[in-house]
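K.L.:
Structure incoming, see below.
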Amino acid sequence: MSTQDNSPTYVIDTLIAEDIDAYLEKHQHKTMLRFITCGSVDDGKSTLIGRLLYDSKMIFEDQLASLEHDSKAVGTQGGEIDFALLVDGLAAEREQGITIDVAYRFFATEKRKFIVADTPGHEQYTRNMVTGASTADLAVILIDARQGVLTQTRRHSYLVNLLGIRNVVLAVNKMDLVGYSAERFYEIVSDYSAFARQIGLEAFLPIPISGLKGDNIVTRSQDTPWYQGPTLIEHLETAPVNDTRMQDLPFRMPVQWVNRPNLDFRGFAGLVASGSIAPGDAIRVLPSGKTTTVKAIPSFDGDLSRAVAGQSITLTLSDEVDCSRGDIIVQADAPCEVADQFEATLVWMSDAEMLPGRPYLLKVGTQTVTATVTEPKYEVNVNTLEHLASKTLGLNAIGVVNISTDRQIPFEAYATNPDLGGFILIDRMTNATVAAGMIHFALRRSQNIHWQAVDINREAHAGLKNQKPAVVWFTGLSGSGKSTIANLVEKKLHAMGKHTFLLDGDNVRHGLNRDLGFTDADRVENIRRVGEVARLMTDAGLIVLTAFISPFRSERRMVRDLMAEGDFLEIHVNTPLEVAEARDVKGLYKKARSGQLKNFTGIDSPYEAPEAPELVVNTTTLSAEEAADRVVELILARR
């Protein structure tokens, strides 16, 4: 006989009605466990969550809102909520697309509070599963007892392990549909154990359950006498939370903001990522390395004697040291590393593929820096765990890459401290989150390569030439007239005694970039290399003219950011596609239209026109000579 025959009644806690302050005090000091439910489609995640909410006498806001005017529902007799209706409601949400993202639910038992993230099982929503798992202490991986270990079981298990969740429950669901077979249960556990060993998942707790019937969720099932382990809720109530583990590590606090309401107070606020801190403790501010001691830990209830991981606090320091948002305050004698090049695992979360060399914004902790990603070292096939060669990463792909940032940042390996080793990548043009990443370690070369100071600098080179260096960047469709105008501009500047150099797209591909094709990834690398060369040439004091299609705004922005303010002049040679195609001096459009030439800009590869160029020249209304004169005027007008 199963436990469903004696399903507990849903009772509203009478303490809410009698003394709300006492109720809040009762629940304030409970620990909070965050966990995620994941697995393949139709493994029963919503049913399991419904059972947890129902059987745990959970109180949540939407039901309280509907019951608050019903005096009977808040009486000592309570009100019974039909489990089938609750499960139907969760299922309806999924059908409406609500849990295509991540649905978070709150419930509590007498021993602990819980937040459960219900994530979609479809492969195309792997990014949503990563979002839910990123803050979880524990993962419940569901398996349909009839289906066994499936592709999504492996994918989600790999990601759970990758994200550092070490407390894993293997919930073999729908045991009622296989006759509560112990043989089937242990067969699935054996299969999963083999895969767990491959991915380095050291331990997991298998539990035979039925979300629909309630077997081994809150109370033990009489239909599984062969199972002697804890029920799911018993394990959830005793599992360790991350905040407890993080308290044993050295002190780390990313600075979220600097609080200075008056001249006599300067506090540094943030969430303690790890360790503990007390007044008098020696601290170090990274990346600057400045040291001082903690003066006090002020709060609304008076100064604290100590603060620990998981607390949001404000610190005042004994000395006026330079410290701002994005810096990290650490234990002075146990600082974390500082570097600008890392190996990391990326989970790509965008429909637009990852392009090596393209600059993205990298956000780790409270820091945001510009970062570029190299070609992947390998992509991981989560089914076979095979390492695959890959030049880029597509949606939901997982790969290991090297990352370079535009400045040194303090960090820790994700496996040690997720708050300081986990990051996201953001597209600089759309502000969309495109990837989640986990830092493994700093590359050795980041510590071994140092900038060498020289006596003859950029200003000295420019002064000798009596000119202001610049990069004049001509962009436009193939056949728009970029090279023709750039060549005329150089001739005019040369006649004036100016020191110039022209970098032409076709010419560069005969040497420096001869190994690159015309895929989006190769186009990004093409512009990255040219941008670095152009920057070096401006350091030599030259006026550098470049004629490249350079179809992507992000890469043109990257080159602009390499230059000093005002030293990058973007010239949009604005020629309509039909005009450029009619010219077709090199016969490229004809080849592209016939399918002989792939990835041709304007035909089967996009061109992103500049949004705010320094100059637009329309070659349908201006001759090449007139356009060149306007560019020269712009260059000479610069102070």
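Ordering of the structure tokens sets the chain letters (A, B, ...); residue numbers start at 1 within each chain; ligands are numbered from 1 in the order shown.
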Counting only C-alpha atoms, what is within 8 Å of Thr601 (chain A), bar same-chain residues fewer than 6 positions away, as a list of chain:residue names?
P.N.:
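Residues meeting the cut-off are A:Leu477, A:Ser478, A:Pro551, A:Tyr607.
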K.L.:
Which parts of region 284-483 of chain A does DSSP call strand (DSSP E) when run on the backbone here, written out as number ranges by chain?
P.N.:
A: 284-286, 290-296, 307-308, 312-317, 328-331, 337-348, 359-364, 367-373, 378-380, 387-388, 398-411, 422-426, 433-442, 470-475
K.L.:
Can you list, as a PyMOL selection string, every residue of region 198-297 of chain A that DSSP puts in helix (DSSP H, G or I)?
P.N.:
chain A and resi 198-199+232-238+242-246
K.L.:
Atoms to include: C-alpha atoms. Write the selected residues as an mmCIF file, in the first residue's frame.
P.N.:
```
data_model
loop_
_atom_site.group_PDB
_atom_site.id
_atom_site.type_symbol
_atom_site.label_atom_id
_atom_site.label_comp_id
_atom_site.auth_asym_id
_atom_site.auth_seq_id
_atom_site.Cartn_x
_atom_site.Cartn_y
_atom_site.Cartn_z
ATOM 1 C CA GLN A 198 33.431 9.522 -16.425
ATOM 2 C CA ILE A 199 32.547 13.134 -15.630
ATOM 3 C CA LEU A 232 13.817 13.248 -0.517
ATOM 4 C CA ILE A 233 12.646 15.858 2.005
ATOM 5 C CA GLU A 234 14.769 14.275 4.777
ATOM 6 C CA HIS A 235 17.845 14.685 2.610
ATOM 7 C CA LEU A 236 16.920 18.230 1.579
ATOM 8 C CA GLU A 237 16.513 19.201 5.229
ATOM 9 C CA THR A 238 20.011 18.017 6.173
ATOM 10 C CA ASN A 242 27.210 26.672 0.205
ATOM 11 C CA ASP A 243 27.387 29.566 2.656
ATOM 12 C CA THR A 244 28.566 27.185 5.381
ATOM 13 C CA ARG A 245 31.321 25.737 3.180
ATOM 14 C CA MET A 246 32.454 29.181 2.016
#
```
K.L.:
Got a sec: who's within 8 Å of Ala435 (chain A), counting only C-alpha atoms, leaving out chain neighbours fewer than 3 positions off, as a ChimeraX atom specification?
P.N.:
/A:346-350,424-426
K.L.:
At a cut-off of 12 Å, using only C-alpha atoms, what residues contact region 154-156 of chain A? Leave out same-chain residues fewer than 3 positions from it and give the result as a ChimeraX atom specification.
P.N.:
/A:36-41,119-130,132-133,139-143,148-151,159-163,165,168,170,191-199,201,347,380-385,396-398
K.L.:
Include C-alpha atoms and write out the residues we just selected as a PDB file, in the first residue's frame.
P.N.:
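So result_9.pdb came out as:
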```
ATOM      1  CA  ILE A  36      17.400  22.719  -8.915  1.00  0.00           C
ATOM      2  CA  THR A  37      15.301  20.042 -10.562  1.00  0.00           C
ATOM      3  CA  CYS A  38      16.484  18.958 -14.000  1.00  0.00           C
ATOM      4  CA  GLY A  39      16.353  16.079 -16.441  1.00  0.00           C
ATOM      5  CA  SER A  40      14.723  15.156 -19.726  1.00  0.00           C
ATOM      6  CA  VAL A  41      11.348  16.323 -20.970  1.00  0.00           C
ATOM      7  CA  THR A 119      14.129  24.319 -15.366  1.00  0.00           C
ATOM      8  CA  PRO A 120      12.963  23.156 -18.811  1.00  0.00           C
ATOM      9  CA  GLY A 121      14.196  19.793 -20.052  1.00  0.00           C
ATOM     10  CA  HIS A 122      14.505  20.634 -23.753  1.00  0.00           C
ATOM     11  CA  GLU A 123      18.038  20.743 -25.150  1.00  0.00           C
ATOM     12  CA  GLN A 124      17.497  24.155 -26.749  1.00  0.00           C
ATOM     13  CA  TYR A 125      16.930  25.614 -23.272  1.00  0.00           C
ATOM     14  CA  THR A 126      20.212  24.407 -21.786  1.00  0.00           C
ATOM     15  CA  ARG A 127      21.060  28.060 -21.085  1.00  0.00           C
ATOM     16  CA  ASN A 128      18.029  28.275 -18.777  1.00  0.00           C
ATOM     17  CA  MET A 129      19.150  25.194 -16.895  1.00  0.00           C
ATOM     18  CA  VAL A 130      22.587  26.796 -16.410  1.00  0.00           C
ATOM     19  CA  GLY A 132      18.975  27.910 -12.479  1.00  0.00           C
ATOM     20  CA  ALA A 133      21.978  25.820 -11.460  1.00  0.00           C
ATOM     21  CA  ALA A 139      20.626  19.257  -7.810  1.00  0.00           C
ATOM     22  CA  VAL A 140      17.784  16.767  -8.128  1.00  0.00           C
ATOM     23  CA  ILE A 141      18.270  14.946 -11.423  1.00  0.00           C
ATOM     24  CA  LEU A 142      15.128  13.113 -12.436  1.00  0.00           C
ATOM     25  CA  ILE A 143      15.035   9.941 -14.506  1.00  0.00           C
ATOM     26  CA  GLY A 148      16.500   5.203 -17.994  1.00  0.00           C
ATOM     27  CA  VAL A 149      19.541   7.427 -18.603  1.00  0.00           C
ATOM     28  CA  LEU A 150      18.920   9.689 -21.628  1.00  0.00           C
ATOM     29  CA  THR A 151      20.898  12.336 -23.514  1.00  0.00           C
ATOM     30  CA  LEU A 159      26.582  20.815 -16.395  1.00  0.00           C
ATOM     31  CA  VAL A 160      25.707  20.238 -12.739  1.00  0.00           C
ATOM     32  CA  ASN A 161      29.180  18.854 -12.126  1.00  0.00           C
ATOM     33  CA  LEU A 162      30.767  21.608 -14.223  1.00  0.00           C
ATOM     34  CA  LEU A 163      28.987  24.268 -12.167  1.00  0.00           C
ATOM     35  CA  ILE A 165      27.273  21.324  -7.449  1.00  0.00           C
ATOM     36  CA  VAL A 168      23.371  15.453  -6.279  1.00  0.00           C
ATOM     37  CA  LEU A 170      19.320  10.896  -8.553  1.00  0.00           C
ATOM     38  CA  ASP A 191      24.115   2.912 -15.662  1.00  0.00           C
ATOM     39  CA  TYR A 192      24.219   6.355 -14.140  1.00  0.00           C
ATOM     40  CA  SER A 193      27.165   5.441 -11.890  1.00  0.00           C
ATOM     41  CA  ALA A 194      29.255   4.547 -14.943  1.00  0.00           C
ATOM     42  CA  PHE A 195      28.571   7.959 -16.504  1.00  0.00           C
ATOM     43  CA  ALA A 196      29.106   9.787 -13.196  1.00  0.00           C
ATOM     44  CA  ARG A 197      32.599   8.303 -12.913  1.00  0.00           C
ATOM     45  CA  GLN A 198      33.431   9.522 -16.425  1.00  0.00           C
ATOM     46  CA  ILE A 199      32.547  13.134 -15.630  1.00  0.00           C
ATOM     47  CA  LEU A 201      30.937  13.212 -10.196  1.00  0.00           C
ATOM     48  CA  VAL A 347      28.612  27.356 -22.110  1.00  0.00           C
ATOM     49  CA  VAL A 380      32.821  18.758 -25.451  1.00  0.00           C
ATOM     50  CA  ASN A 381      30.382  16.154 -26.748  1.00  0.00           C
ATOM     51  CA  VAL A 382      28.374  15.637 -23.559  1.00  0.00           C
ATOM     52  CA  ASN A 383      27.060  12.269 -24.718  1.00  0.00           C
ATOM     53  CA  THR A 384      30.440  10.654 -25.318  1.00  0.00           C
ATOM     54  CA  LEU A 385      32.632  13.206 -23.449  1.00  0.00           C
ATOM     55  CA  ASN A 396      24.266  25.309 -26.032  1.00  0.00           C
ATOM     56  CA  ALA A 397      27.768  24.182 -27.004  1.00  0.00           C
ATOM     57  CA  ILE A 398      30.300  23.639 -24.220  1.00  0.00           C
TER      58      ILE A 398
END
```
K.L.:
Which residue gives the smallest distance to Leu286 (chain A) among A:Asp118, A:Glu337, A:Asp561, A:Asp522, with only C-alpha atoms counted?
P.N.:
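Among the listed residues, A:Glu337 lies closest to Leu286 (chain A).
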